[in-house]
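The data block below is run.txt; it holds compact mmCIF, C-alpha atoms.
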```
# COMPACT_ATOMS: atom_id res chain seq x y z
CA MET A 1 279.12 114.64 138.05
CA VAL A 2 282.86 114.13 137.62
CA ASN A 3 281.94 112.38 134.39
CA TYR A 4 280.35 115.57 133.11
CA ILE A 5 283.31 117.70 134.14
CA TRP A 6 285.68 115.33 132.43
CA ALA A 7 283.58 115.38 129.25
CA PHE A 8 283.23 119.15 129.50
CA PHE A 9 287.01 119.63 129.66
CA VAL A 10 287.63 117.38 126.66
CA ILE A 11 284.74 118.56 124.45
CA VAL A 12 285.10 122.28 125.15
CA GLY A 13 288.88 122.06 124.83
CA ILE A 14 288.77 120.35 121.44
CA LEU A 15 285.93 122.44 119.98
CA TYR A 16 287.46 125.69 121.22
CA SER A 17 290.87 124.85 119.82
CA LEU A 18 289.26 124.02 116.46
CA LEU A 19 287.81 127.54 116.44
CA ASN A 20 290.91 129.46 117.51
CA GLY A 21 293.47 127.41 115.60
CA LYS A 22 295.19 125.92 118.62
CA ILE A 23 294.28 122.40 117.51
CA ASP A 24 297.92 121.55 116.75
CA LEU A 25 298.86 122.22 120.36
CA VAL A 26 295.93 120.18 121.60
CA ASN A 27 296.78 117.34 119.24
CA SER A 28 300.32 117.05 120.55
CA GLU A 29 299.06 117.43 124.10
CA ILE A 30 296.84 114.34 123.75
CA ILE A 31 299.90 112.24 123.02
CA ASN A 32 302.01 114.06 125.63
CA SER A 33 299.46 113.48 128.36
CA ALA A 34 300.11 109.77 128.22
CA SER A 35 303.82 110.19 128.80
CA SER A 36 303.45 112.96 131.36
CA SER A 37 301.11 110.77 133.39
CA ILE A 38 303.76 108.04 133.43
CA GLU A 39 306.34 110.59 134.57
CA MET A 40 304.00 111.66 137.31
CA ILE A 41 303.38 108.08 138.46
CA LEU A 42 307.11 107.38 138.41
CA SER A 43 307.85 110.37 140.60
CA MET A 44 304.97 109.46 142.88
CA LEU A 45 305.78 105.78 143.33
CA PRO A 46 308.91 106.14 145.49
CA ILE A 47 307.24 108.79 147.67
CA MET A 48 304.21 106.57 148.21
CA CYS A 49 306.39 103.59 149.07
CA LEU A 50 308.67 105.62 151.32
CA TRP A 51 305.86 107.13 153.40
CA LEU A 52 303.71 104.04 153.60
CA GLY A 53 306.84 102.16 154.73
CA ILE A 54 307.66 104.75 157.40
CA MET A 55 304.03 104.82 158.45
CA ASN A 56 303.95 101.04 158.81
CA ILE A 57 306.86 101.34 161.24
CA ALA A 58 305.00 104.03 163.18
CA LYS A 59 301.97 101.74 163.24
CA GLU A 60 303.84 98.64 164.42
CA SER A 61 305.69 100.53 167.14
CA GLY A 62 302.42 101.93 168.46
CA LEU A 63 303.44 105.52 167.82
CA LEU A 64 300.58 106.07 165.38
CA ASN A 65 298.21 104.79 168.04
CA ILE A 66 299.56 107.23 170.64
CA PHE A 67 299.26 110.05 168.13
CA SER A 68 295.68 108.98 167.30
CA LYS A 69 294.69 109.01 170.98
CA LYS A 70 296.10 112.52 171.38
CA MET A 71 294.29 113.81 168.30
CA SER A 72 291.11 111.81 168.77
CA PRO A 73 289.10 114.40 170.76
CA LEU A 74 289.59 116.95 167.99
CA ILE A 75 289.13 114.58 165.07
CA SER A 76 286.08 112.91 166.65
CA LEU A 77 284.50 116.32 166.95
CA ILE A 78 284.51 116.64 163.17
CA PHE A 79 284.18 112.94 162.29
CA LYS A 80 281.53 111.82 164.78
CA GLU A 81 280.79 108.57 162.95
CA ILE A 82 284.31 107.09 163.16
CA PRO A 83 284.78 104.79 166.20
CA LYS A 84 287.21 106.37 168.68
CA ASP A 85 289.83 103.61 168.52
CA HIS A 86 289.75 103.21 164.73
CA GLU A 87 292.93 103.42 162.65
CA ALA A 88 291.34 106.10 160.44
CA ILE A 89 291.69 108.74 163.18
CA GLY A 90 295.47 108.40 163.25
CA LEU A 91 295.62 108.45 159.46
CA ILE A 92 293.45 111.55 159.15
CA SER A 93 295.61 113.27 161.78
CA SER A 94 298.79 112.32 159.93
CA ASN A 95 297.39 113.64 156.66
CA ILE A 96 296.38 116.94 158.25
CA LEU A 97 299.76 117.21 160.01
CA MET A 98 301.64 116.71 156.72
CA ASN A 99 299.45 119.32 155.03
CA MET A 100 300.02 121.72 157.90
CA LEU A 101 303.76 121.38 157.54
CA GLY A 102 303.48 122.07 153.83
CA LEU A 103 304.57 118.57 152.87
CA GLY A 104 301.89 118.01 150.26
CA ASN A 105 303.78 115.11 148.68
CA ALA A 106 303.79 113.19 151.94
CA ALA A 107 300.13 114.01 152.58
CA THR A 108 298.89 112.09 149.52
CA PRO A 109 299.92 108.59 150.71
CA PHE A 110 298.21 109.20 154.06
CA GLY A 111 295.19 110.59 152.24
CA LEU A 112 294.85 107.49 150.06
CA LYS A 113 295.38 105.22 153.05
CA THR A 114 292.71 107.15 154.95
CA MET A 115 290.21 106.65 152.13
CA LYS A 116 290.94 102.90 152.19
CA SER A 117 290.34 102.79 155.90
CA LEU A 118 287.16 104.87 155.66
CA GLN A 119 285.92 102.46 153.00
CA GLU A 120 286.08 99.66 155.61
CA LEU A 121 283.60 101.62 157.71
CA ASN A 122 281.42 102.47 154.72
CA SER A 123 278.11 100.58 154.62
CA ASN A 124 277.51 101.21 150.91
CA LYS A 125 280.77 100.47 149.07
CA ASP A 126 279.58 102.15 145.88
CA SER A 127 278.89 105.59 147.22
CA ALA A 128 280.85 108.11 149.23
CA SER A 129 280.30 108.15 152.98
CA ARG A 130 279.82 111.30 154.99
CA SER A 131 283.25 111.08 156.57
CA MET A 132 284.92 110.67 153.15
CA ILE A 133 283.38 113.90 151.90
CA THR A 134 284.27 115.74 155.11
CA PHE A 135 287.85 114.47 154.81
CA LEU A 136 287.97 115.70 151.24
CA VAL A 137 286.72 119.15 152.23
CA ILE A 138 289.46 119.44 154.86
CA ASN A 139 292.00 118.40 152.24
CA THR A 140 290.90 120.96 149.67
CA CYS A 141 291.25 123.82 152.16
CA CYS A 142 294.57 122.40 153.38
CA ILE A 143 295.48 124.26 156.54
CA THR A 144 299.13 125.07 155.95
CA ILE A 145 301.37 126.58 158.60
CA ILE A 146 304.42 126.82 156.36
CA PRO A 147 303.48 127.19 152.66
CA THR A 148 306.99 126.22 151.54
CA THR A 149 306.39 126.33 147.78
CA VAL A 150 304.81 129.78 147.85
CA ILE A 151 307.58 131.15 150.07
CA SER A 152 310.28 129.86 147.75
CA PHE A 153 308.54 131.40 144.72
CA ARG A 154 308.27 134.73 146.51
CA LEU A 155 311.94 134.57 147.36
CA LEU A 156 312.71 133.76 143.73
CA ASN A 157 310.87 136.90 142.63
CA GLY A 158 312.88 139.14 144.92
CA ALA A 159 310.66 139.52 147.98
CA ASN A 160 312.71 140.97 150.83
CA ASN A 161 310.44 139.37 153.39
CA PRO A 162 309.03 136.26 151.67
CA THR A 163 307.33 134.92 154.81
CA ASP A 164 305.12 137.98 155.37
CA ILE A 165 302.15 136.13 153.86
CA VAL A 166 302.23 133.30 156.42
CA LEU A 167 299.76 134.80 158.89
CA ALA A 168 297.29 135.76 156.15
CA SER A 169 297.65 132.32 154.62
CA ILE A 170 296.97 130.52 157.91
CA LEU A 171 293.99 132.73 158.72
CA THR A 172 292.52 132.23 155.25
CA SER A 173 292.76 128.46 155.39
CA VAL A 174 291.42 128.25 158.95
CA ILE A 175 288.42 130.45 158.15
CA ALA A 176 287.80 128.68 154.84
CA THR A 177 288.03 125.26 156.51
CA ILE A 178 285.56 126.15 159.27
CA LEU A 179 283.05 127.67 156.82
CA SER A 180 283.44 124.74 154.44
CA LEU A 181 282.84 122.22 157.23
CA ILE A 182 279.61 124.04 158.06
CA ILE A 183 278.55 123.92 154.39
CA ASP A 184 279.48 120.23 154.34
CA ARG A 185 277.18 119.54 157.33
CA LEU A 186 274.42 121.54 155.69
CA PHE A 187 274.63 119.52 152.47
CA PHE A 188 274.65 116.30 154.46
CA TYR A 189 271.42 117.12 156.26
CA LEU A 190 269.77 118.43 153.09
CA GLU A 191 270.74 115.26 151.23
CA ARG A 192 269.48 113.04 154.04
CA ARG A 193 266.16 114.83 154.14
CA LYS A 194 265.81 114.35 150.40
CA ASP A 195 266.47 110.62 150.83
CA GLU A 196 263.79 110.39 153.50
CA TYR A 197 261.15 111.90 151.21
CA ILE A 198 261.97 109.49 148.42
CA MET B 1 319.47 126.63 158.15
CA ASN B 2 315.91 126.64 156.86
CA ILE B 3 313.37 125.48 159.44
CA SER B 4 311.25 123.68 156.85
CA ASN B 5 314.23 121.56 155.87
CA ILE B 6 314.47 120.12 159.38
CA ILE B 7 310.89 118.96 159.75
CA LEU B 8 311.00 115.92 157.50
CA PRO B 9 314.22 114.37 158.90
CA ILE B 10 313.01 115.02 162.46
CA ILE B 11 309.71 113.21 161.86
CA ILE B 12 311.56 110.19 160.44
CA LEU B 13 314.08 110.31 163.30
CA ILE B 14 311.33 110.23 165.93
CA ILE B 15 309.48 107.36 164.23
CA ILE B 16 312.60 105.21 163.82
CA SER B 17 313.95 105.90 167.32
CA TYR B 18 310.66 105.00 168.95
CA ALA B 19 310.43 101.81 166.84
CA ILE B 20 313.94 100.75 167.93
CA TYR B 21 312.95 101.35 171.54
CA LYS B 22 309.84 99.18 171.00
CA LYS B 23 311.97 96.50 169.25
CA VAL B 24 310.09 96.56 165.93
CA ASP B 25 311.48 94.45 163.06
CA LEU B 26 312.32 97.67 161.21
CA LEU B 27 313.31 96.61 157.73
CA ASN B 28 310.60 94.03 157.17
CA THR B 29 307.94 96.35 158.51
CA PHE B 30 309.12 99.11 156.21
CA ILE B 31 309.14 96.82 153.17
CA GLU B 32 305.69 95.50 153.97
CA GLY B 33 304.30 99.02 154.07
CA ALA B 34 306.20 100.12 150.99
CA LYS B 35 304.72 97.21 149.00
CA GLU B 36 301.31 98.66 149.60
CA GLY B 37 302.57 101.86 148.01
CA ILE B 38 303.22 100.10 144.70
CA GLU B 39 299.72 98.68 144.67
CA MET B 40 298.11 102.03 145.47
CA THR B 41 300.12 103.95 142.88
CA ILE B 42 299.26 101.50 140.12
CA GLN B 43 295.63 101.63 141.12
CA ILE B 44 295.43 105.41 140.66
CA PHE B 45 297.42 105.48 137.42
CA PRO B 46 294.40 105.27 135.05
CA THR B 47 292.72 108.13 136.94
CA ILE B 48 295.81 110.31 136.71
CA LEU B 49 296.07 109.61 132.98
CA ALA B 50 292.39 110.45 132.44
CA MET B 51 292.55 113.64 134.46
CA LEU B 52 295.80 114.85 132.90
CA LEU B 53 294.39 114.25 129.43
CA ALA B 54 291.23 116.28 130.02
CA ILE B 55 292.96 119.03 132.00
CA ASN B 56 295.75 119.47 129.46
CA ILE B 57 293.37 119.61 126.51
CA LEU B 58 291.42 122.37 128.22
CA LEU B 59 294.57 124.27 129.22
CA LYS B 60 296.14 124.13 125.77
CA SER B 61 292.96 125.32 124.07
CA ASN B 62 293.36 128.62 125.99
CA PHE B 63 289.69 128.41 126.95
CA ILE B 64 290.18 129.35 130.61
CA LEU B 65 292.21 132.48 129.89
CA ASP B 66 289.79 133.67 127.20
CA PHE B 67 286.84 132.90 129.42
CA THR B 68 288.21 135.00 132.25
CA SER B 69 288.63 137.99 129.94
CA ILE B 70 284.94 137.72 129.03
CA LEU B 71 284.03 137.82 132.71
CA LYS B 72 286.21 140.87 133.33
CA PRO B 73 283.58 143.63 132.80
CA ILE B 74 281.16 141.95 135.23
CA LEU B 75 283.83 141.48 137.88
CA ASP B 76 285.10 145.04 137.53
CA VAL B 77 281.70 146.22 138.68
CA LEU B 78 281.99 143.99 141.76
CA HIS B 79 285.50 145.32 142.53
CA PHE B 80 286.88 141.83 142.18
CA PRO B 81 290.58 141.83 141.24
CA CYS B 82 290.42 140.26 137.75
CA GLU B 83 294.14 139.67 137.55
CA ILE B 84 293.88 136.68 139.88
CA LEU B 85 290.90 135.08 138.12
CA PRO B 86 293.00 132.72 135.94
CA LEU B 87 294.79 131.56 139.10
CA ALA B 88 291.54 131.05 140.96
CA MET B 89 290.10 129.01 138.10
CA LEU B 90 293.21 126.92 137.51
CA LYS B 91 293.90 126.08 141.14
CA PRO B 92 291.11 123.47 141.55
CA ILE B 93 292.23 121.54 138.46
CA SER B 94 295.98 121.79 138.19
CA GLY B 95 298.61 122.48 140.83
CA SER B 96 301.53 122.87 138.46
CA SER B 97 299.85 125.28 136.06
CA SER B 98 298.47 127.43 138.85
CA LEU B 99 301.99 127.64 140.23
CA ILE B 100 303.19 128.95 136.87
CA VAL B 101 300.40 131.53 136.82
CA MET B 102 301.26 132.63 140.37
CA ASN B 103 304.90 133.04 139.36
CA GLU B 104 303.85 135.22 136.42
CA LEU B 105 301.68 137.37 138.68
CA LEU B 106 304.54 137.83 141.17
CA LYS B 107 306.85 138.80 138.33
CA THR B 108 304.40 141.23 136.71
CA TYR B 109 302.96 142.97 139.75
CA GLY B 110 305.75 142.48 142.30
CA THR B 111 305.71 140.32 145.42
CA ASN B 112 304.55 143.09 147.76
CA SER B 113 301.72 144.40 145.60
CA TYR B 114 298.07 143.70 146.33
CA ILE B 115 297.90 141.18 143.49
CA GLY B 116 301.20 139.61 144.56
CA TYR B 117 299.97 139.08 148.12
CA LEU B 118 296.62 137.80 146.96
CA ALA B 119 298.14 135.31 144.53
CA SER B 120 300.48 133.97 147.23
CA VAL B 121 297.71 133.55 149.80
CA ILE B 122 295.38 131.82 147.33
CA GLN B 123 298.12 129.48 146.21
CA GLY B 124 299.10 128.72 149.81
CA SER B 125 295.66 128.09 151.24
CA THR B 126 293.78 126.07 148.63
CA ASP B 127 294.36 122.77 146.91
CA THR B 128 293.60 121.04 143.61
CA THR B 129 290.05 119.97 144.49
CA ILE B 130 288.93 118.16 141.33
CA TYR B 131 292.21 116.32 141.05
CA ILE B 132 292.28 115.15 144.68
CA LEU B 133 288.63 114.22 144.51
CA SER B 134 288.99 111.98 141.48
CA ILE B 135 292.15 110.27 142.72
CA TYR B 136 290.90 109.68 146.26
CA PHE B 137 287.53 108.30 145.21
CA SER B 138 288.73 106.19 142.32
CA SER B 139 291.44 104.59 144.48
CA ILE B 140 288.74 102.81 146.50
CA GLY B 141 286.19 102.32 143.73
CA ILE B 142 283.55 104.85 144.80
CA LYS B 143 281.10 105.47 141.97
CA LYS B 144 278.54 107.77 143.58
CA ILE B 145 280.32 110.79 145.04
CA LYS B 146 277.04 112.45 146.14
CA TYR B 147 277.51 116.11 147.09
CA ALA B 148 281.33 115.91 147.34
CA LEU B 149 282.13 117.98 144.24
CA LYS B 150 279.61 120.69 145.08
CA VAL B 151 281.00 121.10 148.59
CA GLY B 152 284.59 120.97 147.33
CA LEU B 153 284.04 123.74 144.80
CA ILE B 154 282.07 125.86 147.24
CA ALA B 155 284.99 125.43 149.66
CA ASP B 156 287.33 126.78 146.97
CA LEU B 157 285.07 129.78 146.43
CA ILE B 158 284.93 130.42 150.18
CA ALA B 159 288.73 130.26 150.34
CA LEU B 160 289.00 132.72 147.45
CA ILE B 161 286.67 135.23 149.10
CA SER B 162 288.36 134.81 152.51
CA ALA B 163 291.73 135.41 150.86
CA ILE B 164 290.55 138.68 149.35
CA VAL B 165 289.04 139.87 152.64
CA ILE B 166 292.04 138.89 154.75
CA VAL B 167 294.65 140.34 152.40
CA ASN B 168 292.71 143.60 152.42
CA LEU B 169 292.57 143.60 156.22
CA LEU B 170 296.07 142.39 157.04
CA LEU B 171 298.48 143.29 154.29
CA ILE B 172 297.21 146.40 152.56
```

Could you show the structure in this file as structure tokens?
Amino acid sequence: MVNYIWAFFVIVGILYSLLNGKIDLVNSEIINSASSSIEMILSMLPIMCLWLGIMNIAKESGLLNIFSKKMSPLISLIFKEIPKDHEAIGLISSNILMNMLGLGNAATPFGLKTMKSLQELNSNKDSASRSMITFLVINTCCITIIPTTVISFRLLNGANNPTDIVLASILTSVIATILSLIIDRLFFYLERRKDEYI
Amino acid sequence: MNISNIILPIIILIIISYAIYKKVDLLNTFIEGAKEGIEMTIQIFPTILAMLLAINILLKSNFILDFTSILKPILDVLHFPCEILPLAMLKPISGSSSLIVMNELLKTYGTNSYIGYLASVIQGSTDTTIYILSIYFSSIGIKKIKYALKVGLIADLIALISAIVIVNLLLI
């Protein structure tokens, strides 16, 4: 399905720009994309290395393990299929914690590491496991306690009380996360039933 | 002193102090972990290139903005605030361009207007679904993503609706 979305973006973008005369912009963007992706990777690389390095220290010292044990009742409630003492629980917790604190940059390394660790538990290496999809759903709703970027943009635009949106923002993401997790479960059972009939 | 500026150093301080107490070989452990970061970043590079290419072509063609203006009459009937539609549609695919749109909305309507509040809450409580999805799955070589995209996009829609309801209840 991502294939179709990708093709849709490219085909619609090019055809539409041919019609409205924006093809010049699109043309230069095709070349720019290559260099902007390198810029992105270059800015990402040190952050990835930094956090995976710090996390390795937390892992070796046993701190990650302690953190996992503390979070495990809550995480196991959502991710029933992950063994209680598995590394993935600590990683998922770290990713959620970073998202909560509004440190999106630091959340990505933990997210990628989580996927790697969930892949170890995955019985079919080609297709997404239930816990991977659930993890993704939690990530897209990203429960944020301090939306730092938004607050700074509000400040920039002259808000006298830039943090007044915090409560609404937390409530929205909590409600959206809970509803989305229910939808996720629903899809899982529907999909499984379909598999059983086939 | 800004509270959010303290969080990061404090986390690192706790991790390092505990590791010293547990007598971990700090530097080598750090380097070992950091090496993995290089591998992971290189592995997701082709995906980032592919996604940026497609997303930027679509953005530059102006399709999304024109499309939202077509939808406007229908949404007016539903009392849906059309001004935030470009933001809502951009957010799942591109974090940086949705940030630009949010900034424009704050500038045009003011930070304490209905639209200003709504834009801030949407920006603060959703994430770039399609982007995260493709990077996360491609990093471990998953080919069949099953119902992941459907659920992800439905989650975005739920977040959008919740944002509208909550801003109406709390801030207006």

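Distance annotation: of B:Ala54, B:Leu118, B:Val151, B:Ile6, the residue with the minimal separation from Ser94 of chain B is B:Ala54; atom set is only C-alpha atoms.
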
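Closest approach to Lys125 of chain A among B:Ile11, B:Leu106, B:Ile142, B:Leu87: B:Ile142, based on only C-alpha atoms.
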
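Closest approach to Ile96 of chain A among A:Ile165, A:Asn20, A:Glu81, A:Cys141: A:Cys141, based on only C-alpha atoms.
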
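When atom CA of Ile166 of chain B is paired with atom CA of Ser180 of chain A, their separation reads 16.6 Å.
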
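Using all atoms listed in the file, the protein and nucleic acid residues lying no more than 12 Å from Ser97 of chain B, apart from those fewer than 3 places from it along its own chain, are B:Leu52, B:Ile55, B:Asn56, B:Leu58, B:Leu59, B:Lys60, B:Ile64, B:Pro86, B:Leu87, B:Ala88, B:Met89, B:Leu90, B:Lys91, B:Pro92, B:Ile93, B:Ser94, B:Ile100, B:Val101, B:Met102, B:Asn103, B:Glu104, B:Gln123, B:Thr128.
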
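Take atom CA of Ser68 of chain A and atom CA of Asn95 of chain A: the distance between them is 11.7 Å.
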
Atomic distance atom CA of Leu52 of chain A - atom CA of Ile7 of chain B, expressed in Å with one decimal:
17.7 Å

Which residues are near Leu25 of chain A? Cut-off 12 Å, all atoms listed in the file, ignore same chain within fewer than 2 positions. Put them as a ChimeraX atom specification.
/A:13-14,16-18,20-23,27-33 /B:56-62

Shell of 9 Å around segment 160-164 of chain A, all atoms listed in the file, local chain residues under 6 positions omitted, as a short mmCIF file (atom, residue, chain, number, x, y, z; two decimals) with C-alpha atoms, in the coordinates of the input:
```cif
data_model
loop_
_atom_site.label_atom_id
_atom_site.label_comp_id
_atom_site.auth_asym_id
_atom_site.auth_seq_id
_atom_site.Cartn_x
_atom_site.Cartn_y
_atom_site.Cartn_z
CA ILE A 146 304.42 126.82 156.36
CA PRO A 147 303.48 127.19 152.66
CA VAL A 150 304.81 129.78 147.85
CA ILE A 151 307.58 131.15 150.07
CA SER A 152 310.28 129.86 147.75
CA PHE A 153 308.54 131.40 144.72
CA ARG A 154 308.27 134.73 146.51
CA THR B 111 305.71 140.32 145.42
CA ASN B 112 304.55 143.09 147.76
CA TYR B 117 299.97 139.08 148.12
CA LEU B 171 298.48 143.29 154.29
#
```

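Taking only C-alpha atoms into account, Ile115 of chain B lies nearest to B:Pro81 out of the set B:Pro73, B:Gly141, B:Pro81, B:Gly33.
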
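Nearest residue to Lys143 of chain B among A:Ser129, A:Leu190, A:Thr108, A:Asp195 is A:Ser129, counting only C-alpha atoms.
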
All residues 10 Å or closer to Ala128 of chain A, all atoms listed in the file, same chain fewer than 6 positions away omitted, as an MDAnalysis selection string:
(chainID A and resid 115 118:119 122) or (chainID B and resid 137 140:148)

Do you know which residues lie at most 12 Å from (306.2, 107.0, 156.0), with coordinates as in the file and only C-alpha atoms counted, and could you write them as a count of residues only?
42

Close residues, segment 152-165 of chain B itself excluded, 6 Å, all atoms listed in the file, min 6 positions apart in chain, as a count of residues only:
4

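Nearest residue to Leu63 of chain A, choosing from B:Ile10, B:Leu149, B:Val24, B:Leu133 and counting all atoms listed in the file: B:Val24.
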